[in-house]
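Peer 1: Below is the structure I would like to discuss, written out as structure tokens.
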Amino acid sequence: MNILIIEDEHKTASYLRAGLTEAGYVVDHADNGIDGLHMARESQYDLILLDVMLPEMDGWTVMEKLGSRQQTPVLFLSARGTLEDRLRGLGLGADEYLVKPFSFAELLARIRIILRRGQTERPVETLEIGDLQVDIAKRRVIRGGQRLNLTNKEFSLLMCFIQRRDEVLPRSLLASLVWDMNFDSDTNVVDVAVRRLRQKIDDPFPTRLIHTVHGVGYRFEHEP
Ligand code: CA
């Protein structure tokens, strides 16, 4: 289980890191909101511990930017303990709001509850397209028996392709579905991301899944 701590107070962060590592979790740490947001988007975590008062970008904004589409549970850790603060955190979609100072035993108990809840609520579903297997709940992608590590964006892009397999997908549609982006801005983002995804899921294997449709976009198709 991977946990991301976004916390600017180094003493608290190292205390959390030591305790959680001892409890068997793999821990990453960011000491400001911008780095934390970036790490949360680029890697797959099972839980995020998010401080509210952070340099660069506060915890509220990090949570807003992560958006409702992200599935990783978030536990706010904050010195701000008014009812209004708690409601704001939970209203943004956090799973838990713990006020500092808290006991480590309590934090650990809440983390275990959240992680257990996540496991039972998430549907266990594996998609198979030819030799490609995607475990949606665990965000795990395997092709030809080989585990592939995708970033969150690459995974979203792959899911987009799989859900609309055999259809021609214009770049503009991919841009709006995966990046919430209006197309005219930058078409290159889509091509670069597709190229990266191909390097992982297509290049090492004998058959292609992502096909270029010239002048339009891409099509995901498994031809046996
Ligand atoms: Ca802080």
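Each chain in the structure tokens gets a letter, A, B, ..., in the order shown, and its residues are numbered from 1; ligands are numbered from 1 in order too.
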Would you mind listing the residues within 10 Å of ligand 1, counting only C-alpha atoms and all ligand atoms, as number ranges by chain?

Peer 2: A: 6-10, 12-13, 31-33, 50-55, 58-59, 77-80

Peer 1: If we count only C-alpha atoms and set the cut-off at 7 Å, which residues sit around segment 142-154 of chain A, ignoring sequence neighbours fewer than 3 positions away in its own chain? Please answer as a PyMOL selection string.

Peer 2: chain A and resi 41-44+131-134+157-158+193+197+200

Peer 1: Can you spit out the residues from that selection as a compact mmCIF listing (two decimals), in the first residue's frame, using C-alpha atoms?

Peer 2:
```txt
# COMPACT_ATOMS: atom_id res chain seq x y z
CA ARG A 41 -1.46 12.88 -10.46
CA GLU A 42 1.57 11.05 -11.76
CA SER A 43 1.74 8.07 -9.41
CA GLN A 44 -0.77 5.64 -8.05
CA ASP A 131 -3.43 -10.48 -24.45
CA LEU A 132 -4.07 -7.18 -22.64
CA GLN A 133 -5.59 -7.35 -19.15
CA VAL A 134 -6.71 -4.32 -17.18
CA LEU A 157 -6.22 7.48 -21.90
CA LEU A 158 -6.12 3.69 -22.13
CA ALA A 193 0.67 11.02 -24.55
CA LEU A 197 1.32 4.93 -24.09
CA LYS A 200 4.48 0.80 -23.14
```

Peer 1: Taking the backbone alone, and naming residues the way the document does, which bits of segment 5-210 of chain A are alpha helix (DSSP H) by DSSP, as a PDB file with C-alpha atoms, in the first residue's frame?

Peer 2:
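Once written, selection17.pdb looks like this:
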```
ATOM      1  CA  HIS A  10       9.276  18.477   8.433  1.00  0.00           C
ATOM      2  CA  LYS A  11       9.016  17.205  11.977  1.00  0.00           C
ATOM      3  CA  THR A  12       5.441  16.016  11.437  1.00  0.00           C
ATOM      4  CA  ALA A  13       6.298  14.580   8.042  1.00  0.00           C
ATOM      5  CA  SER A  14       9.255  12.553   9.267  1.00  0.00           C
ATOM      6  CA  TYR A  15       7.283  11.348  12.279  1.00  0.00           C
ATOM      7  CA  LEU A  16       4.464  10.202   9.978  1.00  0.00           C
ATOM      8  CA  ARG A  17       6.858   8.655   7.518  1.00  0.00           C
ATOM      9  CA  ALA A  18       8.661   6.677  10.219  1.00  0.00           C
ATOM     10  CA  GLY A  19       5.447   5.445  11.826  1.00  0.00           C
ATOM     11  CA  LEU A  20       3.740   4.493   8.584  1.00  0.00           C
ATOM     12  CA  THR A  21       6.832   2.793   7.220  1.00  0.00           C
ATOM     13  CA  GLU A  22       7.040   0.767  10.396  1.00  0.00           C
ATOM     14  CA  GLY A  33       1.022  21.761  -2.497  1.00  0.00           C
ATOM     15  CA  ILE A  34       2.269  21.990  -6.063  1.00  0.00           C
ATOM     16  CA  ASP A  35       4.716  19.099  -5.782  1.00  0.00           C
ATOM     17  CA  GLY A  36       2.090  17.114  -3.887  1.00  0.00           C
ATOM     18  CA  LEU A  37      -0.519  17.646  -6.587  1.00  0.00           C
ATOM     19  CA  HIS A  38       1.979  16.651  -9.260  1.00  0.00           C
ATOM     20  CA  MET A  39       2.945  13.452  -7.421  1.00  0.00           C
ATOM     21  CA  ALA A  40      -0.693  12.573  -6.751  1.00  0.00           C
ATOM     22  CA  ARG A  41      -1.463  12.875 -10.460  1.00  0.00           C
ATOM     23  CA  GLU A  42       1.572  11.055 -11.756  1.00  0.00           C
ATOM     24  CA  GLY A  59      -4.648  21.733   0.732  1.00  0.00           C
ATOM     25  CA  TRP A  60      -8.119  22.945  -0.289  1.00  0.00           C
ATOM     26  CA  THR A  61      -6.837  23.868  -3.722  1.00  0.00           C
ATOM     27  CA  VAL A  62      -4.893  20.622  -4.079  1.00  0.00           C
ATOM     28  CA  MET A  63      -8.090  18.727  -3.310  1.00  0.00           C
ATOM     29  CA  GLU A  64     -10.113  20.819  -5.779  1.00  0.00           C
ATOM     30  CA  LYS A  65      -7.564  20.302  -8.509  1.00  0.00           C
ATOM     31  CA  LEU A  66      -7.413  16.563  -7.924  1.00  0.00           C
ATOM     32  CA  LEU A  83     -16.716  22.734  12.153  1.00  0.00           C
ATOM     33  CA  GLU A  84     -16.579  24.922   9.074  1.00  0.00           C
ATOM     34  CA  ASP A  85     -13.118  23.606   8.189  1.00  0.00           C
ATOM     35  CA  ARG A  86     -14.155  19.999   8.681  1.00  0.00           C
ATOM     36  CA  LEU A  87     -17.246  20.451   6.560  1.00  0.00           C
ATOM     37  CA  ARG A  88     -15.245  22.167   3.881  1.00  0.00           C
ATOM     38  CA  GLY A  89     -12.755  19.266   3.746  1.00  0.00           C
ATOM     39  CA  LEU A  90     -15.427  16.614   3.634  1.00  0.00           C
ATOM     40  CA  GLY A  91     -17.438  18.694   1.159  1.00  0.00           C
ATOM     41  CA  PHE A 104      -0.609   8.184  15.814  1.00  0.00           C
ATOM     42  CA  ALA A 105      -2.701   5.202  16.939  1.00  0.00           C
ATOM     43  CA  GLU A 106      -5.858   7.051  15.929  1.00  0.00           C
ATOM     44  CA  LEU A 107      -4.419   8.038  12.567  1.00  0.00           C
ATOM     45  CA  LEU A 108      -3.405   4.443  11.886  1.00  0.00           C
ATOM     46  CA  ALA A 109      -6.865   3.169  12.827  1.00  0.00           C
ATOM     47  CA  ARG A 110      -8.547   5.666  10.479  1.00  0.00           C
ATOM     48  CA  ILE A 111      -6.158   4.820   7.654  1.00  0.00           C
ATOM     49  CA  ARG A 112      -6.962   1.130   8.025  1.00  0.00           C
ATOM     50  CA  ILE A 113     -10.698   1.827   7.960  1.00  0.00           C
ATOM     51  CA  ILE A 114     -10.424   3.965   4.833  1.00  0.00           C
ATOM     52  CA  LEU A 115      -8.266   1.443   3.001  1.00  0.00           C
ATOM     53  CA  ARG A 116     -10.574  -1.420   3.928  1.00  0.00           C
ATOM     54  CA  ARG A 117     -13.608   0.564   2.821  1.00  0.00           C
ATOM     55  CA  GLY A 118     -11.924   1.254  -0.497  1.00  0.00           C
ATOM     56  CA  GLN A 119     -11.255  -2.404  -1.093  1.00  0.00           C
ATOM     57  CA  THR A 120     -14.823  -3.503  -0.509  1.00  0.00           C
ATOM     58  CA  GLU A 121     -16.499  -0.665  -2.387  1.00  0.00           C
ATOM     59  CA  ASN A 152      -2.536   8.185 -14.166  1.00  0.00           C
ATOM     60  CA  LYS A 153      -3.011  10.086 -17.418  1.00  0.00           C
ATOM     61  CA  GLU A 154      -1.834   7.133 -19.494  1.00  0.00           C
ATOM     62  CA  PHE A 155      -4.243   4.897 -17.616  1.00  0.00           C
ATOM     63  CA  SER A 156      -7.127   7.333 -18.237  1.00  0.00           C
ATOM     64  CA  LEU A 157      -6.220   7.483 -21.898  1.00  0.00           C
ATOM     65  CA  LEU A 158      -6.121   3.692 -22.127  1.00  0.00           C
ATOM     66  CA  MET A 159      -9.530   3.429 -20.420  1.00  0.00           C
ATOM     67  CA  CYS A 160     -10.887   5.952 -22.873  1.00  0.00           C
ATOM     68  CA  PHE A 161      -9.649   3.848 -25.778  1.00  0.00           C
ATOM     69  CA  ILE A 162     -10.954   0.597 -24.290  1.00  0.00           C
ATOM     70  CA  GLN A 163     -14.409   2.005 -23.551  1.00  0.00           C
ATOM     71  CA  ARG A 171      -7.780  14.112 -30.996  1.00  0.00           C
ATOM     72  CA  SER A 172     -10.233  16.768 -29.839  1.00  0.00           C
ATOM     73  CA  LEU A 173     -12.443  14.156 -28.171  1.00  0.00           C
ATOM     74  CA  LEU A 174      -9.478  12.574 -26.385  1.00  0.00           C
ATOM     75  CA  ALA A 175      -8.309  16.016 -25.266  1.00  0.00           C
ATOM     76  CA  SER A 176     -11.668  16.824 -23.724  1.00  0.00           C
ATOM     77  CA  LEU A 177     -12.200  13.387 -22.157  1.00  0.00           C
ATOM     78  CA  VAL A 178      -8.767  12.897 -20.664  1.00  0.00           C
ATOM     79  CA  TRP A 179      -7.513  16.450 -20.111  1.00  0.00           C
ATOM     80  CA  ASN A 188       0.469  18.035 -29.327  1.00  0.00           C
ATOM     81  CA  VAL A 189      -0.399  16.943 -25.790  1.00  0.00           C
ATOM     82  CA  VAL A 190      -2.581  14.150 -27.138  1.00  0.00           C
ATOM     83  CA  ASP A 191       0.004  12.917 -29.633  1.00  0.00           C
ATOM     84  CA  VAL A 192       2.782  12.944 -27.072  1.00  0.00           C
ATOM     85  CA  ALA A 193       0.671  11.021 -24.552  1.00  0.00           C
ATOM     86  CA  VAL A 194      -0.421   8.478 -27.166  1.00  0.00           C
ATOM     87  CA  ARG A 195       3.201   7.994 -28.201  1.00  0.00           C
ATOM     88  CA  ARG A 196       4.201   7.330 -24.576  1.00  0.00           C
ATOM     89  CA  LEU A 197       1.321   4.931 -24.087  1.00  0.00           C
ATOM     90  CA  ARG A 198       2.261   3.088 -27.278  1.00  0.00           C
ATOM     91  CA  GLN A 199       5.837   2.719 -26.095  1.00  0.00           C
ATOM     92  CA  LYS A 200       4.482   0.795 -23.143  1.00  0.00           C
ATOM     93  CA  ILE A 201       1.524  -1.179 -24.432  1.00  0.00           C
TER      94      ILE A 201
END
```

Peer 1: Using only C-alpha atoms, which of A:Asp28, A:Met57, A:Ile136, A:Leu4 sits nearest Leu75 of chain A?

Peer 2: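 Counting only C-alpha atoms, the residue closest to Leu75 of chain A is A:Leu4.
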
Peer 1: Just how far from atom CA of Met1 of chain A is atom CA of Tyr25 of chain A, in Å to one decimal?

Peer 2: 5.4 Å

Peer 1: When you look at Val168 of chain A with a cut-off of 9 Å (counting only C-alpha atoms), what residues show up, excluding the ones that are within fewer than 4 positions of it in the same chain? I need them as a list in words.

Peer 2: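 Close residues of Val168 of chain A: Arg164, Val213, Val216, Gly217, Tyr218, Arg219 and Phe220 of chain A.
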
Peer 1: For the structure I just gave you, how does DSSP split segment 44-127 of chain A - specifically, which residues are strand (DSSP E)? Reply as a ChimeraX atom specification.

Peer 2: /A:47-51,74-78,96-99,126-127

Peer 1: Can you measure atom CA of Gly81 of chain A to atom CA of Tyr45 of chain A for me? One decimal in Å is fine.

Peer 2: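 Interatomic distance, atom CA of Gly81 of chain A to atom CA of Tyr45 of chain A: 25.8 Å.
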
Peer 1: In Å, rounded to a single decimal, give me how far atom CA of His214 of chain A is from atom CA of Asp180 of chain A.

Peer 2: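 Atom-to-atom, atom CA of Asp180 of chain A to atom CA of His214 of chain A, that is 23.3 Å.
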